[in-house]
>>> print(open('data-v7.cif').read())   # mmCIF, C-alpha atoms and all ligand atoms
data_start
loop_
_atom_site.label_atom_id
_atom_site.label_comp_id
_atom_site.auth_asym_id
_atom_site.auth_seq_id
_atom_site.Cartn_x
_atom_site.Cartn_y
_atom_site.Cartn_z
CA MET A 30 68.91 168.21 121.09
CA GLY A 31 67.13 165.11 119.79
CA TYR A 32 68.65 161.81 118.80
CA PRO A 33 68.74 160.81 115.14
CA ALA A 34 65.78 158.68 114.05
CA TYR A 35 68.03 155.95 112.74
CA GLN A 36 70.38 154.54 115.33
CA PRO A 37 72.48 151.65 113.97
CA ARG A 38 73.23 150.45 117.52
CA ARG A 39 69.63 149.23 117.94
CA LEU A 40 70.33 146.24 115.73
CA ARG A 41 73.72 145.57 117.31
CA ARG A 42 72.41 145.22 120.84
CA LEU A 43 71.69 141.48 120.85
CA GLU A 44 73.37 138.57 119.09
CA PRO A 45 70.09 137.35 117.49
CA PHE A 46 69.62 140.83 115.97
CA ARG A 47 73.17 140.79 114.67
CA ARG A 48 72.61 137.35 113.16
CA LEU A 49 69.44 138.52 111.41
CA VAL A 50 71.09 141.44 109.63
CA ARG A 51 74.57 139.99 109.04
CA GLU A 52 75.54 140.76 105.43
CA THR A 53 78.36 138.32 104.79
CA ARG A 54 78.63 134.69 105.76
CA LEU A 55 81.32 132.11 105.66
CA ALA A 56 80.33 128.60 104.61
CA VAL A 57 82.25 125.36 104.19
CA ASP A 58 81.02 125.29 100.57
CA GLN A 59 83.30 128.24 99.79
CA LEU A 60 86.55 126.69 101.01
CA VAL A 61 89.38 125.00 99.15
CA MET A 62 92.22 123.27 101.01
CA PRO A 63 95.72 123.54 99.48
CA LEU A 64 97.74 120.31 99.83
CA PHE A 65 101.34 119.38 99.06
CA VAL A 66 102.15 115.99 97.58
CA ARG A 67 105.64 114.48 97.55
CA PRO A 68 107.16 111.19 96.40
CA GLY A 69 107.45 108.23 98.76
CA LYS A 70 105.24 106.08 100.94
CA ASN A 71 103.82 106.80 104.35
CA VAL A 72 105.58 110.18 104.40
CA ARG A 73 104.26 113.12 106.36
CA VAL A 74 106.84 115.90 106.55
CA PRO A 75 105.88 118.95 108.62
CA ILE A 76 106.49 122.35 107.01
CA PRO A 77 108.25 124.38 109.74
CA SER A 78 107.06 127.83 108.67
CA MET A 79 103.47 126.60 108.26
CA PRO A 80 102.58 124.84 111.51
CA GLY A 81 99.90 122.19 110.99
CA GLN A 82 100.71 121.77 107.27
CA PHE A 83 102.59 118.83 105.76
CA GLN A 84 104.13 117.45 102.61
CA LEU A 85 102.31 114.16 102.10
CA SER A 86 103.04 111.05 100.09
CA VAL A 87 100.15 109.87 97.91
CA ASP A 88 98.81 107.33 100.46
CA GLN A 89 98.80 109.96 103.24
CA LEU A 90 97.32 112.53 100.89
CA VAL A 91 94.39 110.24 100.13
CA LYS A 92 93.76 109.82 103.88
CA GLU A 93 93.81 113.59 104.32
CA CYS A 94 91.38 113.98 101.43
CA GLN A 95 89.01 111.46 102.99
CA ASP A 96 89.10 113.48 106.18
CA LEU A 97 88.46 116.74 104.31
CA ARG A 98 85.55 115.11 102.50
CA GLU A 99 84.12 114.08 105.85
CA HIS A 100 84.25 117.72 106.87
CA ARG A 101 82.32 118.49 103.65
CA ILE A 102 85.10 120.57 102.12
CA PRO A 103 84.27 120.61 98.41
CA ALA A 104 87.74 120.91 96.87
CA VAL A 105 91.50 120.62 97.25
CA LEU A 106 94.22 122.48 95.34
CA LEU A 107 97.22 120.21 94.75
CA PHE A 108 100.89 121.19 94.53
CA GLY A 109 103.79 118.88 93.69
CA THR A 110 106.90 119.03 95.92
CA GLY A 111 110.23 117.20 96.08
CA GLN A 112 110.10 116.74 92.35
CA GLN A 113 112.84 115.82 89.91
CA LYS A 114 114.09 118.97 88.23
CA ASP A 115 115.64 119.75 84.86
CA GLU A 116 115.93 122.66 82.46
CA LYS A 117 112.79 121.69 80.54
CA ALA A 118 110.59 120.80 83.54
CA THR A 119 109.85 117.41 81.95
CA HIS A 120 108.56 115.93 85.21
CA ALA A 121 105.77 118.51 85.33
CA PHE A 122 103.99 116.55 82.61
CA ALA A 123 105.31 113.02 83.24
CA LYS A 124 102.42 110.56 82.99
CA ASP A 125 103.66 108.76 86.13
CA GLY A 126 104.66 111.95 87.96
CA THR A 127 103.78 112.36 91.62
CA MET A 128 101.09 114.94 90.87
CA GLN A 129 99.50 112.75 88.22
CA GLN A 130 99.55 109.72 90.56
CA ALA A 131 98.08 111.81 93.35
CA ILE A 132 95.23 113.09 91.19
CA GLN A 133 94.42 109.54 90.04
CA ALA A 134 94.52 108.17 93.58
CA ILE A 135 92.22 110.85 94.98
CA LYS A 136 89.72 110.52 92.13
CA ALA A 137 89.72 106.73 92.60
CA GLN A 138 89.23 106.81 96.36
CA VAL A 139 87.48 110.10 97.12
CA PRO A 140 85.68 110.65 93.80
CA ASP A 141 83.30 113.40 94.91
CA LEU A 142 86.09 115.65 96.19
CA VAL A 143 86.94 118.23 93.51
CA VAL A 144 90.63 118.07 92.62
CA ILE A 145 92.18 121.28 91.31
CA GLY A 146 95.65 120.78 89.83
CA ASP A 147 98.08 123.65 90.17
CA VAL A 148 99.88 124.02 86.86
CA CYS A 149 103.29 125.67 86.96
CA LEU A 150 106.86 124.73 86.12
CA CYS A 151 108.81 126.24 89.04
CA ALA A 152 108.81 123.07 91.16
CA TYR A 153 110.19 121.16 88.16
CA THR A 154 112.78 123.52 86.63
CA SER A 155 116.42 123.31 87.75
CA HIS A 156 116.48 127.13 87.93
CA GLY A 157 113.19 127.43 89.83
CA HIS A 158 111.52 129.88 87.45
CA CYS A 159 107.90 129.44 86.41
CA GLY A 160 108.78 129.41 82.71
CA LEU A 161 111.44 127.83 80.53
CA LEU A 162 114.38 130.11 79.84
CA LYS A 163 116.34 131.19 76.82
CA VAL A 164 119.86 132.38 77.54
CA ARG A 165 120.94 135.54 75.81
CA HIS A 166 124.52 135.42 74.62
CA VAL A 167 126.75 136.32 77.54
CA PRO A 168 130.25 137.18 76.34
CA ALA A 169 133.14 135.64 78.28
CA LYS A 170 135.10 138.04 80.40
CA GLY A 171 138.81 138.78 79.95
CA LYS A 172 141.10 138.17 77.02
CA ASN A 173 140.39 134.51 76.48
CA LYS A 174 137.53 134.93 74.02
CA SER A 175 137.48 131.26 73.17
CA ALA A 176 136.51 130.40 76.74
CA LYS A 177 132.99 129.12 77.34
CA PRO A 178 130.33 131.80 77.70
CA ALA A 179 129.82 132.80 81.30
CA VAL A 180 126.94 131.17 83.13
CA PRO A 181 124.08 133.69 83.30
CA GLN A 182 123.70 135.03 86.81
CA HIS A 183 121.33 137.89 86.29
CA GLU A 184 117.82 138.31 84.93
CA ARG A 185 119.24 140.49 82.13
CA ASP A 186 121.00 137.43 80.74
CA VAL A 187 117.92 135.26 80.36
CA VAL A 188 114.49 135.65 78.88
CA ILE A 189 111.41 133.48 79.16
CA ASP A 190 111.03 131.25 76.12
CA GLN A 191 107.34 132.02 75.63
CA GLU A 192 106.55 129.35 73.05
CA ALA A 193 108.35 126.51 74.84
CA THR A 194 106.83 127.60 78.15
CA LEU A 195 103.25 127.65 76.85
CA ASP A 196 103.83 124.25 75.28
CA ALA A 197 105.12 122.78 78.57
CA LEU A 198 102.26 124.36 80.55
CA ALA A 199 99.66 123.02 78.11
CA LYS A 200 101.21 119.53 78.31
CA THR A 201 101.16 119.73 82.11
CA ALA A 202 97.51 120.80 82.16
CA LEU A 203 96.62 117.97 79.79
CA SER A 204 98.46 115.41 81.95
CA HIS A 205 96.43 116.60 84.96
CA ALA A 206 93.17 116.38 83.03
CA GLN A 207 94.09 112.90 81.79
CA ALA A 208 94.81 111.86 85.39
CA GLY A 209 91.30 113.03 86.28
CA ALA A 210 91.73 116.59 87.60
CA ASP A 211 88.37 118.37 87.78
CA ILE A 212 89.74 121.92 87.41
CA ILE A 213 93.03 123.23 86.02
CA ALA A 214 94.69 126.14 87.83
CA PRO A 215 97.62 127.74 85.99
CA SER A 216 99.75 129.83 88.39
CA ASP A 217 102.71 130.75 86.20
CA MET A 218 101.53 134.22 85.02
CA MET A 219 102.83 133.75 81.47
CA ASP A 220 100.95 135.69 78.79
CA GLY A 221 98.61 133.55 76.72
CA ARG A 222 98.69 130.47 78.93
CA VAL A 223 94.95 130.32 79.61
CA GLY A 224 94.26 130.28 75.87
CA ALA A 225 96.99 127.69 75.22
CA ILE A 226 95.60 125.41 77.95
CA ARG A 227 91.98 125.93 76.82
CA ARG A 228 92.89 124.92 73.25
CA VAL A 229 94.72 121.76 74.30
CA LEU A 230 91.92 120.71 76.64
CA ASP A 231 89.27 121.33 73.98
CA GLN A 232 91.20 119.43 71.32
CA THR A 233 91.67 116.35 73.51
CA GLY A 234 88.15 115.75 74.71
CA HIS A 235 88.50 117.74 77.95
CA GLY A 236 86.30 120.64 76.91
CA HIS A 237 84.26 120.20 80.09
CA VAL A 238 87.23 120.91 82.40
CA PRO A 239 87.12 124.47 83.79
CA ILE A 240 90.16 126.71 84.22
CA MET A 241 90.70 128.55 87.49
CA SER A 242 93.25 131.09 86.40
CA TYR A 243 95.69 132.77 88.76
CA THR A 244 94.64 136.03 87.15
CA ALA A 245 96.16 138.56 89.50
CA LYS A 246 99.13 136.86 91.11
CA PHE A 247 101.26 139.55 92.61
CA SER A 248 105.00 139.44 93.12
CA SER A 249 104.47 139.22 96.87
CA ASN A 250 106.72 138.72 99.88
CA LEU A 251 103.96 136.69 101.47
CA TYR A 252 104.84 133.53 99.52
CA ALA A 253 108.05 132.84 101.49
CA PRO A 254 106.74 129.92 103.62
CA PHE A 255 105.18 128.33 100.50
CA ARG A 256 108.52 128.37 98.72
CA GLU A 257 110.00 126.45 101.61
CA ALA A 258 107.08 124.02 101.32
CA VAL A 259 107.58 123.29 97.63
CA ASP A 260 111.30 124.09 97.33
CA SER A 261 110.68 126.34 94.36
CA SER A 262 112.77 129.45 95.06
CA PRO A 263 114.42 130.76 91.90
CA SER A 264 118.17 130.02 91.92
CA PHE A 265 118.80 133.53 90.55
CA GLY A 266 116.75 136.65 89.94
CA ASP A 267 113.13 136.82 91.03
CA ARG A 268 109.67 136.54 89.49
CA LYS A 269 109.05 140.23 88.91
CA SER A 270 109.31 139.84 85.13
CA TYR A 271 106.11 137.78 85.06
CA GLN A 272 104.18 138.27 88.31
CA LEU A 273 102.18 141.46 88.80
CA ASP A 274 103.80 144.52 90.33
CA ILE A 275 102.37 144.89 93.83
CA ALA A 276 101.47 148.53 93.15
CA ASN A 277 99.21 147.87 90.14
CA ALA A 278 95.43 147.52 90.23
CA GLU A 279 94.52 148.69 86.72
CA GLU A 280 96.94 146.13 85.32
CA ALA A 281 95.22 143.42 87.37
CA LEU A 282 91.94 144.38 85.65
CA ARG A 283 93.63 144.11 82.24
CA GLU A 284 94.91 140.65 83.22
CA ALA A 285 91.36 139.66 84.17
CA GLN A 286 90.07 140.92 80.81
CA LEU A 287 92.68 138.85 78.98
CA ASP A 288 91.97 135.70 81.00
CA ILE A 289 88.25 136.02 80.30
CA GLU A 290 88.91 136.45 76.58
CA GLU A 291 91.15 133.36 76.65
CA GLY A 292 88.47 131.24 78.33
CA ALA A 293 89.07 131.37 82.09
CA ASP A 294 86.08 130.21 84.17
CA ILE A 295 87.21 131.39 87.61
CA LEU A 296 89.49 134.38 88.24
CA MET A 297 91.89 134.12 91.17
CA VAL A 298 93.54 136.87 93.18
CA LYS A 299 96.71 135.99 95.13
CA PRO A 300 97.53 136.92 97.88
CA ALA A 301 94.17 137.80 99.40
CA LEU A 302 94.45 139.95 102.51
CA ALA A 303 96.76 142.68 101.18
CA TYR A 304 94.80 142.70 97.89
CA LEU A 305 91.17 143.00 98.99
CA ASP A 306 90.78 146.02 96.70
CA ILE A 307 91.78 143.86 93.73
CA ILE A 308 89.23 141.18 94.68
CA TYR A 309 86.57 143.88 94.97
CA ARG A 310 87.41 145.56 91.68
CA ILE A 311 87.62 142.35 89.65
CA LYS A 312 84.32 141.15 91.08
CA GLU A 313 82.63 144.52 90.46
CA ARG A 314 83.97 144.95 86.95
CA PHE A 315 83.47 141.46 85.55
CA GLY A 316 81.00 139.63 87.78
CA TYR A 317 82.84 136.37 87.20
CA PRO A 318 83.41 133.77 89.91
CA VAL A 319 86.37 135.05 91.94
CA ALA A 320 88.66 132.90 94.07
CA ALA A 321 91.12 134.36 96.55
CA PHE A 322 94.25 132.64 97.82
CA ASN A 323 94.79 133.27 101.52
CA VAL A 324 98.51 132.54 101.17
CA SER A 325 101.19 130.92 103.33
CA GLY A 326 102.53 134.23 104.67
CA GLU A 327 99.07 135.30 105.82
CA TYR A 328 98.75 131.95 107.58
CA ALA A 329 102.26 132.05 109.08
CA MET A 330 101.82 135.57 110.51
CA VAL A 331 98.71 134.61 112.45
CA LYS A 332 100.23 131.29 113.56
CA ALA A 333 103.43 132.98 114.79
CA ALA A 334 101.63 135.79 116.62
CA SER A 335 99.13 133.46 118.25
CA ALA A 336 101.93 131.09 119.37
CA ARG A 337 103.28 134.06 121.33
CA GLY A 338 99.91 134.96 122.73
CA TRP A 339 99.83 138.21 120.75
CA LEU A 340 96.72 137.24 118.78
CA ILE A 341 93.97 134.74 119.41
CA GLU A 342 94.17 132.43 116.45
CA ARG A 343 90.60 131.39 115.64
CA PRO A 344 88.76 134.71 115.80
CA THR A 345 91.65 136.26 113.86
CA TRP A 346 91.45 133.89 110.91
CA LEU A 347 87.67 133.97 111.00
CA GLU A 348 87.87 137.75 110.63
CA ILE A 349 90.40 137.45 107.80
CA LEU A 350 88.32 134.87 105.90
CA LEU A 351 85.18 136.96 106.36
CA SER A 352 86.96 140.06 105.07
CA ILE A 353 87.96 138.16 101.93
CA ARG A 354 84.35 137.14 101.42
CA ARG A 355 83.14 140.69 102.09
CA ALA A 356 85.54 142.00 99.43
CA GLY A 357 83.73 139.80 96.91
CA ALA A 358 85.47 136.43 96.73
CA ASP A 359 83.15 133.49 96.07
CA THR A 360 85.79 130.92 96.92
CA ILE A 361 88.66 131.04 99.41
CA ILE A 362 91.72 128.86 99.14
CA THR A 363 93.01 128.66 102.70
CA TYR A 364 95.21 126.52 104.94
CA TRP A 365 92.56 127.02 107.62
CA ALA A 366 89.92 125.24 105.50
CA LYS A 367 89.67 122.18 107.74
CA GLU A 368 89.72 124.13 111.00
CA ALA A 369 87.13 126.51 109.59
CA ALA A 370 84.95 123.58 108.53
CA LYS A 371 85.12 122.07 112.02
CA PHE A 372 84.18 125.40 113.56
CA LEU A 373 81.35 126.07 111.11
CA HIS A 374 79.86 122.59 111.65
CA GLU A 375 79.97 123.02 115.44
CA ARG A 376 77.89 126.18 115.40
ZN ZN B 1 105.58 128.93 89.54
#
>>> encode(input="data-v7.cif", output="C-alpha cells")
Amino acid sequence: MGYPAYQPRRLRRLEPFRRLVRETRLAVDQLVMPLFVRPGKNVRVPIPSMPGQFQLSVDQLVKECQDLREHRIPAVLLFGTGQQKDEKATHAFAKDGTMQQAIQAIKAQVPDLVVIGDVCLCAYTSHGHCGLLKVRHVPAKGKNKSAKPAVPQHERDVVIDQEATLDALAKTALSHAQAGADIIAPSDMMDGRVGAIRRVLDQTGHGHVPIMSYTAKFSSNLYAPFREAVDSSPSFGDRKSYQLDIANAEEALREAQLDIEEGADILMVKPALAYLDIIYRIKERFGYPVAAFNVSGEYAMVKAASARGWLIERPTWLEILLSIRRAGADTIITYWAKEAAKFLHER
C-alpha cells in the first residue's frame, strides 16, 4: 500500500516550515486594553477576581496609558467605576464626570493612543440596569388600598423606558466625544441606540467619530468578575430582557444588520471564546470590521487554573487569542493586551 501523495506532516516537521505556512497571526496592532477609571488621586485598587487588573484614578490611568503606548498598543477601552448613582444615570453624561476627565487627560498626555469610551448606564443607575426604567403600576397588597404602591422587586414590574434611555445614551456618547474620545462604544444593547448616537454625533460636529457597537452582547455568565470591577450588578432581575439569549446565532446576525443600517463602523461580539461561531458568521456575512471582547470570565478562568498549576498561563492565552483571530476578529479587546505586546515584541 502506498502513502498518499500529499502528506500534511511534511510542512509541520520544522519550526521554520510552520512559520512559513502559518495562516493566522497575532499582532500588537490588533489589541485593545480595557481599563477601569475611578474617582480619587493616586488610587490603584486591585480587582480580586481579575489578578493583575486595577481600578485606577485618572493620574494612575494616564501613567498606565503611557506604558501601553510604549508597548505600541493602539487603543484602550475605558470603563467608569465607583461612580455616583441615581435613577436617571445623570453622572454618565456629567461634563466633569470621572470618565470625561479621564478621556481628556489621556488625550492631553498620550494623544496618539486611541481612546474608546464605553457608553452604558449600568455603572450610573441606582438599580444597576443598562437602561432607565419605567415602573408599571404595582398594586399594594392587603386591604389598605391607600398604602403606597409596593416597590417593584421583579422584572415584570418594570420596563425599559426606551426614549429616555436612548436620550441618556446619546448624551453620554456626546459627552465622551466632547471630552475627546476617538471612538464611541455603546454596550447597553438597547434597540436603536446606534442610530440615536450617530444622529447626535453628526448634528454636533462629531461626524468623524466612529461607533464600535457591542452588536452581539450575550447575556453571559462570563461577566461576573467585570461586575465586581465596576460594581454594576443589577439590584433586581437580570439583563436578559435586553442582552442576547446565549442560544441565538441568527438573532445575532439580525442585530448586526440593524447596527450596520444605523451606522455602526465596527461590530463587536462579546464574549469571545464561547462565541467564536458568532464572530465567524458575522465576519462572513457582512465583511465589516469585527472586534471581539475576550471578557473578564475568560481571563479569570485561565488565571485561576494557572495559579494552581493546572494550565500554563502564557501559551493558553496565546492559543485563545489566536483562536479569536482565526474565527475572524480583526480586533481583540483583552486584559492580556500588555502581556501579549511584551511577548510579541520579544520574539
Ligand atoms: Zn450596561
>>> closest_atom_pairs(input="data-v7.cif", of="chain A", to="ligand ZN 1 (chain B)", cutoff="7 Å", atoms="all atoms listed in the file", output="JSON lines")
{"residue": "A:Cys149", "atom": "CA", "partner": "B:ZN1", "partner_atom": "ZN", "distance": 4.7}
{"residue": "A:Leu150", "atom": "CA", "partner": "B:ZN1", "partner_atom": "ZN", "distance": 5.6}
{"residue": "A:Cys151", "atom": "CA", "partner": "B:ZN1", "partner_atom": "ZN", "distance": 4.2}
{"residue": "A:Ala152", "atom": "CA", "partner": "B:ZN1", "partner_atom": "ZN", "distance": 6.9}
{"residue": "A:His158", "atom": "CA", "partner": "B:ZN1", "partner_atom": "ZN", "distance": 6.4}
{"residue": "A:Cys159", "atom": "CA", "partner": "B:ZN1", "partner_atom": "ZN", "distance": 3.9}
{"residue": "A:Ser216", "atom": "CA", "partner": "B:ZN1", "partner_atom": "ZN", "distance": 6.0}
{"residue": "A:Asp217", "atom": "CA", "partner": "B:ZN1", "partner_atom": "ZN", "distance": 4.8}
>>> closest_residue(input="data-v7.cif", among="A:Asp288, A:Ala210, A:Gln272, A:Gln59", to="A:Arg222", atoms="only C-alpha atoms")
A:Asp288
>>> closest_atom_pairs(input="data-v7.cif", of="stretch 146-253 of chain A", to="stretch 321-339 of chain A", cutoff="7 Å", atoms="only C-alpha atoms", output="Markdown table")
| residue | atom | partner | partner_atom | distance |
| --- | --- | --- | --- | --- |
| A:Leu251 | CA | A:Gly326 | CA | 4.3 |
| A:Tyr252 | CA | A:Gly326 | CA | 5.7 |
| A:Ala253 | CA | A:Gly326 | CA | 6.5 |
>>> residues_near_point(input="data-v7.cif", point="(88.9, 140.1, 103.2)", cutoff="12 Å", atoms="all atoms listed in the file", output="number ranges by chain")
A: 53-55, 298-309, 320-323, 327, 345-361
>>> write_last_selection(input="data-v7.cif", atoms="C-alpha atoms", output="PDB file, in the coordinates of the input")
ATOM      1  CA  THR A  53      78.360 138.320 104.790  1.00  0.00           C
ATOM      2  CA  ARG A  54      78.630 134.690 105.760  1.00  0.00           C
ATOM      3  CA  LEU A  55      81.320 132.110 105.660  1.00  0.00           C
ATOM      4  CA  VAL A 298      93.540 136.870  93.180  1.00  0.00           C
ATOM      5  CA  LYS A 299      96.710 135.990  95.130  1.00  0.00           C
ATOM      6  CA  PRO A 300      97.530 136.920  97.880  1.00  0.00           C
ATOM      7  CA  ALA A 301      94.170 137.800  99.400  1.00  0.00           C
ATOM      8  CA  LEU A 302      94.450 139.950 102.510  1.00  0.00           C
ATOM      9  CA  ALA A 303      96.760 142.680 101.180  1.00  0.00           C
ATOM     10  CA  TYR A 304      94.800 142.700  97.890  1.00  0.00           C
ATOM     11  CA  LEU A 305      91.170 143.000  98.990  1.00  0.00           C
ATOM     12  CA  ASP A 306      90.780 146.020  96.700  1.00  0.00           C
ATOM     13  CA  ILE A 307      91.780 143.860  93.730  1.00  0.00           C
ATOM     14  CA  ILE A 308      89.230 141.180  94.680  1.00  0.00           C
ATOM     15  CA  TYR A 309      86.570 143.880  94.970  1.00  0.00           C
ATOM     16  CA  ALA A 320      88.660 132.900  94.070  1.00  0.00           C
ATOM     17  CA  ALA A 321      91.120 134.360  96.550  1.00  0.00           C
ATOM     18  CA  PHE A 322      94.250 132.640  97.820  1.00  0.00           C
ATOM     19  CA  ASN A 323      94.790 133.270 101.520  1.00  0.00           C
ATOM     20  CA  GLU A 327      99.070 135.300 105.820  1.00  0.00           C
ATOM     21  CA  THR A 345      91.650 136.260 113.860  1.00  0.00           C
ATOM     22  CA  TRP A 346      91.450 133.890 110.910  1.00  0.00           C
ATOM     23  CA  LEU A 347      87.670 133.970 111.000  1.00  0.00           C
ATOM     24  CA  GLU A 348      87.870 137.750 110.630  1.00  0.00           C
ATOM     25  CA  ILE A 349      90.400 137.450 107.800  1.00  0.00           C
ATOM     26  CA  LEU A 350      88.320 134.870 105.900  1.00  0.00           C
ATOM     27  CA  LEU A 351      85.180 136.960 106.360  1.00  0.00           C
ATOM     28  CA  SER A 352      86.960 140.060 105.070  1.00  0.00           C
ATOM     29  CA  ILE A 353      87.960 138.160 101.930  1.00  0.00           C
ATOM     30  CA  ARG A 354      84.350 137.140 101.420  1.00  0.00           C
ATOM     31  CA  ARG A 355      83.140 140.690 102.090  1.00  0.00           C
ATOM     32  CA  ALA A 356      85.540 142.000  99.430  1.00  0.00           C
ATOM     33  CA  GLY A 357      83.730 139.800  96.910  1.00  0.00           C
ATOM     34  CA  ALA A 358      85.470 136.430  96.730  1.00  0.00           C
ATOM     35  CA  ASP A 359      83.150 133.490  96.070  1.00  0.00           C
ATOM     36  CA  THR A 360      85.790 130.920  96.920  1.00  0.00           C
ATOM     37  CA  ILE A 361      88.660 131.040  99.410  1.00  0.00           C
TER      38      ILE A 361
END
>>> atom_distance(input="data-v7.cif", atom1="atom CA of A:Ala293", atom2="atom CA of A:Gly146")
14.7 Å
>>> atom_distance(input="data-v7.cif", atom1="atom CA of A:Glu284", atom2="atom CA of A:Leu296")
9.7 Å
>>> residues_around(input="data-v7.cif", residues="A:Val229", least_positions_apart="4", cutoff="9 Å", atoms="all atoms listed in the file", output="ChimeraX atom specification")
/A:199-200,202-203,224-225,233-236
>>> closest_residue(input="data-v7.cif", among="A:Leu162, A:Ile145, A:Leu40, A:Cys94", to="A:Phe108", atoms="only C-alpha atoms")
A:Ile145
>>> residues_around(input="data-v7.cif", residues="stretch 67-73 of chain A", least_positions_apart="2", cutoff="6 Å", atoms="all atoms listed in the file", output="ChimeraX atom specification")
/A:83-86,110-111,127
>>> atom_distance(input="data-v7.cif", atom1="atom CA of A:Asp190", atom2="atom CA of A:Lys124")
23.4 Å
>>> closest_residue(input="data-v7.cif", among="A:Leu287, A:Ile135, A:Ala206, A:Ala278", to="A:Leu64", atoms="all atoms listed in the file")
A:Ile135
>>> axis_aligned_box(input="data-v7.cif", around="stretch 283-297 of chain A", padding_each_side="6 Å", output="AutoDock Vina command-line options")
--center_x 90.5 --center_y 137.2 --center_z 83.9 --size_x 20.8 --size_y 25.9 --size_z 26.6
>>> decode(input="data-v7.cif", residues="stretch 311-317 of chain A", atoms="all heavy atoms", output="tab-separated table (two decimals), in the first residue's frame")
chain	number	residue	atom	x	y	z
A	311	ILE	N	-20.67	36.56	11.61
A	311	ILE	CA	-20.83	38.00	11.36
A	311	ILE	C	-19.78	38.47	10.36
A	311	ILE	O	-20.07	39.22	9.43
A	311	ILE	CB	-20.77	38.80	12.69
A	311	ILE	CG1	-22.06	38.55	13.48
A	311	ILE	CG2	-20.57	40.29	12.42
A	311	ILE	CD1	-22.18	39.35	14.77
A	312	LYS	N	-18.55	37.97	10.53
A	312	LYS	CA	-17.49	38.37	9.59
A	312	LYS	C	-17.82	37.88	8.18
A	312	LYS	O	-17.68	38.64	7.20
A	312	LYS	CB	-16.15	37.79	10.08
A	312	LYS	CG	-14.97	38.29	9.28
A	312	LYS	CD	-14.78	39.78	9.49
A	312	LYS	CE	-13.61	40.33	8.70
A	312	LYS	NZ	-13.53	41.80	8.82
A	313	GLU	N	-18.23	36.61	8.07
A	313	GLU	CA	-18.54	36.03	6.77
A	313	GLU	C	-19.70	36.75	6.08
A	313	GLU	O	-19.66	37.02	4.89
A	313	GLU	CB	-18.91	34.54	6.93
A	313	GLU	CG	-17.74	33.63	7.19
A	313	GLU	CD	-16.88	33.40	5.95
A	313	GLU	OE1	-17.40	32.86	4.95
A	313	GLU	OE2	-15.71	33.79	5.98
A	314	ARG	N	-20.74	37.02	6.84
A	314	ARG	CA	-21.96	37.58	6.27
A	314	ARG	C	-21.78	39.03	5.84
A	314	ARG	O	-22.26	39.45	4.80
A	314	ARG	CB	-23.11	37.46	7.30
A	314	ARG	CG	-24.41	38.14	6.90
A	314	ARG	CD	-25.27	37.30	5.95
A	314	ARG	NE	-25.70	36.07	6.57
A	314	ARG	CZ	-26.88	35.91	7.18
A	314	ARG	NH1	-27.74	36.89	7.24
A	314	ARG	NH2	-27.20	34.75	7.72
A	315	PHE	N	-21.11	39.82	6.70
A	315	PHE	CA	-21.12	41.27	6.46
A	315	PHE	C	-19.77	41.84	6.01
A	315	PHE	O	-19.75	42.91	5.41
A	315	PHE	CB	-21.60	42.01	7.71
A	315	PHE	CG	-22.99	41.61	8.12
A	315	PHE	CD1	-23.19	40.76	9.19
A	315	PHE	CD2	-24.10	42.07	7.41
A	315	PHE	CE1	-24.47	40.37	9.56
A	315	PHE	CE2	-25.38	41.69	7.77
A	315	PHE	CZ	-25.56	40.83	8.85
A	316	GLY	N	-18.69	41.16	6.34
A	316	GLY	CA	-17.37	41.66	5.93
A	316	GLY	C	-16.99	42.98	6.57
A	316	GLY	O	-16.11	43.69	6.07
A	317	TYR	N	-17.66	43.34	7.64
A	317	TYR	CA	-17.32	44.58	8.36
A	317	TYR	C	-16.18	44.31	9.33
A	317	TYR	O	-15.93	43.16	9.69
A	317	TYR	CB	-18.55	45.06	9.15
A	317	TYR	CG	-19.36	46.09	8.43
A	317	TYR	CD1	-19.94	45.81	7.20
A	317	TYR	CD2	-19.54	47.35	8.99
A	317	TYR	CE1	-20.69	46.76	6.54
A	317	TYR	CE2	-20.29	48.31	8.33
A	317	TYR	CZ	-20.86	48.02	7.10
A	317	TYR	OH	-21.59	48.96	6.46
